[in-house]
Amino acid sequence: MPRLAAFKHRAVTALQRRVVNPVSSRNPSQTLIETTGRVSGEPRRTPVGGSRVGSEFWLVSEHGERSQYVRNIRADPRVRVRVKGRWYAGTAHPLPDDDARARLRALPRGNSAAVALFGTDLLTVRVDLEPEWSTS
């Protein structure tokens, strides 16, 4: 990874972990993905942007395979997604062959612009949502 991209990744990640994520996670309308920590086994909630399309939820990870939630998904793809205050269970699938920049154009503009600006290694993730009667 080039030095500038490595610096950008460290800076953005530190800001998100210490400031942005703790604040935005408290907003009841913020979309969250909940994974299971691959080491701790504890639930980990991360603010994300994305969009529900039928029985799928689509998002783009700005740091790709280096994102902690993507690493957690690789270890255990069972997730929950909070959309508009409601939780949905599902199975997450990182899609490295998908055109993440094109996918961003189909997702909500505000978050997509931030992901494109701050992202260092974009990766599309699709969550296949379970039928609503089985969510918690």
# chains A, B, ... in the order shown; residues from 1 in each chain; ligands from 1
call {"tool": "closest_atom_pairs", "arguments": {"of": "region 52-136 of chain A", "to": "region 38-48 of chain A", "cutoff": "9 Å", "atoms": "only C-alpha atoms", "output": "Markdown table"}}
result
| residue | atom | partner | partner_atom | distance |
| --- | --- | --- | --- | --- |
| A:Leu59 | CA | A:Val48 | CA | 7.3 |
| A:Val60 | CA | A:Val48 | CA | 8.4 |
| A:Ser61 | CA | A:Val48 | CA | 8.1 |
| A:Tyr69 | CA | A:Thr46 | CA | 7.3 |
| A:Arg71 | CA | A:Arg38 | CA | 7.5 |
| A:Asn72 | CA | A:Arg38 | CA | 5.2 |
| A:Ile73 | CA | A:Arg38 | CA | 8.3 |
| A:Arg74 | CA | A:Arg38 | CA | 8.7 |
| A:Ala75 | CA | A:Arg38 | CA | 5.9 |
| A:Asp76 | CA | A:Arg38 | CA | 7.4 |
| A:Asn111 | CA | A:Val48 | CA | 8.1 |
call {"tool": "write_last_selection", "arguments": {"atoms": "C-alpha atoms", "output": "PDB file, in the first residue's frame"}}
result
ATOM      1  CA  LEU A  59     -23.338  -1.210   1.315  1.00  0.00           C
ATOM      2  CA  VAL A  60     -19.787  -0.356   0.328  1.00  0.00           C
ATOM      3  CA  SER A  61     -16.974  -0.710   2.846  1.00  0.00           C
ATOM      4  CA  TYR A  69     -16.508  -5.465  10.297  1.00  0.00           C
ATOM      5  CA  ARG A  71     -12.954  -9.224   8.851  1.00  0.00           C
ATOM      6  CA  ASN A  72     -15.705 -10.181  11.296  1.00  0.00           C
ATOM      7  CA  ILE A  73     -18.015 -11.069   8.392  1.00  0.00           C
ATOM      8  CA  ARG A  74     -15.315 -13.302   6.901  1.00  0.00           C
ATOM      9  CA  ALA A  75     -15.158 -15.169  10.241  1.00  0.00           C
ATOM     10  CA  ASP A  76     -18.965 -15.315  10.731  1.00  0.00           C
ATOM     11  CA  ASN A 111     -22.745   8.514   2.657  1.00  0.00           C
TER      12      ASN A 111
END
call {"tool": "select_by_dssp", "arguments": {"residues": "region 21-85 of chain A", "states": "helix (DSSP H, G or I)", "output": "VMD selection string"}}
result
chain A and resid 21 to 25 64 to 66 68 to 75
call {"tool": "atom_distance", "arguments": {"atom1": "CA of Gln68 (chain A)", "atom2": "CA of His93 (chain A)"}}
result
14.6 Å
call {"tool": "select_by_dssp", "arguments": {"residues": "chain A", "states": "strand (DSSP E or B)", "output": "ChimeraX atom specification"}}
result
/A:32-36,43-47,51-53,56-61,78-83,86-95,123-129
call {"tool": "residues_around", "arguments": {"residues": "Ala114 (chain A)", "least_positions_apart": "4", "cutoff": "10 Å", "atoms": "only C-alpha atoms", "output": "compact mmCIF listing (two decimals) with all heavy atoms, in the first residue's frame"}}
result
# COMPACT_ATOMS: atom_id res chain seq x y z
N GLY A 49 -23.54 3.22 5.72
CA GLY A 49 -24.55 3.75 4.82
C GLY A 49 -24.90 2.64 3.86
O GLY A 49 -24.14 1.69 3.69
N GLU A 62 -15.54 1.24 2.99
CA GLU A 62 -14.53 2.17 2.48
C GLU A 62 -13.11 1.65 2.60
O GLU A 62 -12.21 2.11 1.90
CB GLU A 62 -14.67 3.54 3.13
CG GLU A 62 -14.43 3.58 4.60
CD GLU A 62 -14.88 4.89 5.22
OE1 GLU A 62 -15.28 5.81 4.50
OE2 GLU A 62 -14.81 4.98 6.45
N ARG A 109 -26.69 9.30 -1.54
CA ARG A 109 -25.62 10.20 -1.95
C ARG A 109 -24.67 10.66 -0.86
O ARG A 109 -23.46 10.66 -1.04
CB ARG A 109 -26.21 11.45 -2.62
CG ARG A 109 -26.61 11.22 -4.01
CD ARG A 109 -27.00 12.53 -4.63
NE ARG A 109 -27.02 12.38 -6.07
CZ ARG A 109 -27.57 13.23 -6.87
NH1 ARG A 109 -28.15 14.31 -6.38
NH2 ARG A 109 -27.55 13.04 -8.16
N GLY A 110 -25.20 11.10 0.28
CA GLY A 110 -24.35 11.66 1.33
C GLY A 110 -23.29 10.69 1.79
O GLY A 110 -22.10 11.00 1.80
N PHE A 118 -13.15 9.27 1.50
CA PHE A 118 -12.28 8.77 2.56
C PHE A 118 -11.81 7.33 2.34
O PHE A 118 -10.90 6.87 3.01
CB PHE A 118 -12.96 8.88 3.92
CG PHE A 118 -13.25 10.29 4.32
CD1 PHE A 118 -14.55 10.73 4.47
CD2 PHE A 118 -12.22 11.19 4.52
CE1 PHE A 118 -14.82 12.04 4.83
CE2 PHE A 118 -12.47 12.50 4.88
CZ PHE A 118 -13.78 12.93 5.03
N GLY A 119 -12.45 6.63 1.43
CA GLY A 119 -12.13 5.22 1.21
C GLY A 119 -10.77 5.01 0.59
O GLY A 119 -10.27 5.83 -0.18
call {"tool": "residues_around", "arguments": {"residues": "Arg52 (chain A)", "least_positions_apart": "3", "cutoff": "10 Å", "atoms": "only C-alpha atoms", "output": "number ranges by chain"}}
result
A: 55-59, 81, 83, 107, 126-129
call {"tool": "closest_residue", "arguments": {"among": "A:Ser51, A:Asp98, A:Ser67, A:Ala106", "to": "Arg10 (chain A)", "atoms": "only C-alpha atoms"}}
result
A:Ser67
call {"tool": "decode", "arguments": {"residues": "region 115-132 of chain A", "atoms": "N, CA, C and O atoms", "output": "PDB file, in the first residue's frame"}}
result
ATOM      1  N   VAL A 115     -17.775   7.896   1.556  1.00  0.00           N
ATOM      2  CA  VAL A 115     -17.054   6.641   1.321  1.00  0.00           C
ATOM      3  C   VAL A 115     -16.074   6.814   0.167  1.00  0.00           C
ATOM      4  O   VAL A 115     -14.922   6.403   0.246  1.00  0.00           O
ATOM      5  N   ALA A 116     -16.519   7.448  -0.912  1.00  0.00           N
ATOM      6  CA  ALA A 116     -15.639   7.668  -2.064  1.00  0.00           C
ATOM      7  C   ALA A 116     -14.470   8.579  -1.701  1.00  0.00           C
ATOM      8  O   ALA A 116     -13.340   8.351  -2.127  1.00  0.00           O
ATOM      9  N   LEU A 117     -14.724   9.592  -0.875  1.00  0.00           N
ATOM     10  CA  LEU A 117     -13.684  10.544  -0.498  1.00  0.00           C
ATOM     11  C   LEU A 117     -12.668   9.936   0.475  1.00  0.00           C
ATOM     12  O   LEU A 117     -11.464  10.078   0.295  1.00  0.00           O
ATOM     13  N   PHE A 118     -13.155   9.269   1.502  1.00  0.00           N
ATOM     14  CA  PHE A 118     -12.279   8.770   2.556  1.00  0.00           C
ATOM     15  C   PHE A 118     -11.812   7.333   2.342  1.00  0.00           C
ATOM     16  O   PHE A 118     -10.900   6.870   3.006  1.00  0.00           O
ATOM     17  N   GLY A 119     -12.450   6.629   1.426  1.00  0.00           N
ATOM     18  CA  GLY A 119     -12.131   5.225   1.211  1.00  0.00           C
ATOM     19  C   GLY A 119     -10.766   5.010   0.592  1.00  0.00           C
ATOM     20  O   GLY A 119     -10.275   5.828  -0.175  1.00  0.00           O
ATOM     21  N   THR A 120     -10.162   3.884   0.958  1.00  0.00           N
ATOM     22  CA  THR A 120      -8.854   3.529   0.420  1.00  0.00           C
ATOM     23  C   THR A 120      -8.903   2.232  -0.375  1.00  0.00           C
ATOM     24  O   THR A 120      -8.003   1.957  -1.152  1.00  0.00           O
ATOM     25  N   ASP A 121      -9.921   1.415  -0.168  1.00  0.00           N
ATOM     26  CA  ASP A 121     -10.005   0.121  -0.841  1.00  0.00           C
ATOM     27  C   ASP A 121     -11.468  -0.325  -0.808  1.00  0.00           C
ATOM     28  O   ASP A 121     -11.868  -1.113   0.046  1.00  0.00           O
ATOM     29  N   LEU A 122     -12.277   0.184  -1.716  1.00  0.00           N
ATOM     30  CA  LEU A 122     -13.720  -0.041  -1.683  1.00  0.00           C
ATOM     31  C   LEU A 122     -14.085  -1.505  -1.925  1.00  0.00           C
ATOM     32  O   LEU A 122     -13.473  -2.183  -2.749  1.00  0.00           O
ATOM     33  N   LEU A 123     -15.104  -1.961  -1.195  1.00  0.00           N
ATOM     34  CA  LEU A 123     -15.584  -3.333  -1.323  1.00  0.00           C
ATOM     35  C   LEU A 123     -17.095  -3.348  -1.123  1.00  0.00           C
ATOM     36  O   LEU A 123     -17.590  -2.878  -0.096  1.00  0.00           O
ATOM     37  N   THR A 124     -17.812  -3.913  -2.077  1.00  0.00           N
ATOM     38  CA  THR A 124     -19.264  -4.055  -1.958  1.00  0.00           C
ATOM     39  C   THR A 124     -19.587  -5.217  -1.025  1.00  0.00           C
ATOM     40  O   THR A 124     -18.936  -6.265  -1.074  1.00  0.00           O
ATOM     41  N   VAL A 125     -20.604  -5.013  -0.185  1.00  0.00           N
ATOM     42  CA  VAL A 125     -21.108  -6.067   0.691  1.00  0.00           C
ATOM     43  C   VAL A 125     -22.622  -6.137   0.494  1.00  0.00           C
ATOM     44  O   VAL A 125     -23.308  -5.120   0.556  1.00  0.00           O
ATOM     45  N   ARG A 126     -23.113  -7.350   0.249  1.00  0.00           N
ATOM     46  CA  ARG A 126     -24.555  -7.586   0.160  1.00  0.00           C
ATOM     47  C   ARG A 126     -24.973  -8.417   1.360  1.00  0.00           C
ATOM     48  O   ARG A 126     -24.318  -9.397   1.695  1.00  0.00           O
ATOM     49  N   VAL A 127     -26.071  -7.995   2.013  1.00  0.00           N
ATOM     50  CA  VAL A 127     -26.621  -8.769   3.113  1.00  0.00           C
ATOM     51  C   VAL A 127     -27.951  -9.334   2.648  1.00  0.00           C
ATOM     52  O   VAL A 127     -28.856  -8.575   2.269  1.00  0.00           O
ATOM     53  N   ASP A 128     -28.060 -10.653   2.622  1.00  0.00           N
ATOM     54  CA  ASP A 128     -29.327 -11.313   2.308  1.00  0.00           C
ATOM     55  C   ASP A 128     -30.132 -11.357   3.596  1.00  0.00           C
ATOM     56  O   ASP A 128     -29.745 -12.044   4.561  1.00  0.00           O
ATOM     57  N   LEU A 129     -31.212 -10.598   3.638  1.00  0.00           N
ATOM     58  CA  LEU A 129     -32.009 -10.482   4.846  1.00  0.00           C
ATOM     59  C   LEU A 129     -32.953 -11.668   4.985  1.00  0.00           C
ATOM     60  O   LEU A 129     -33.515 -12.149   3.997  1.00  0.00           O
ATOM     61  N   GLU A 130     -33.120 -12.116   6.219  1.00  0.00           N
ATOM     62  CA  GLU A 130     -34.057 -13.205   6.498  1.00  0.00           C
ATOM     63  C   GLU A 130     -35.466 -12.640   6.467  1.00  0.00           C
ATOM     64  O   GLU A 130     -35.660 -11.431   6.637  1.00  0.00           O
ATOM     65  N   PRO A 131     -36.460 -13.517   6.278  1.00  0.00           N
ATOM     66  CA  PRO A 131     -37.846 -13.031   6.343  1.00  0.00           C
ATOM     67  C   PRO A 131     -38.089 -12.329   7.673  1.00  0.00           C
ATOM     68  O   PRO A 131     -37.548 -12.725   8.709  1.00  0.00           O
ATOM     69  N   GLU A 132     -38.885 -11.278   7.636  1.00  0.00           N
ATOM     70  CA  GLU A 132     -39.082 -10.427   8.829  1.00  0.00           C
ATOM     71  C   GLU A 132     -39.601 -11.168  10.041  1.00  0.00           C
ATOM     72  O   GLU A 132     -39.289 -10.804  11.155  1.00  0.00           O
TER      73      GLU A 132
END
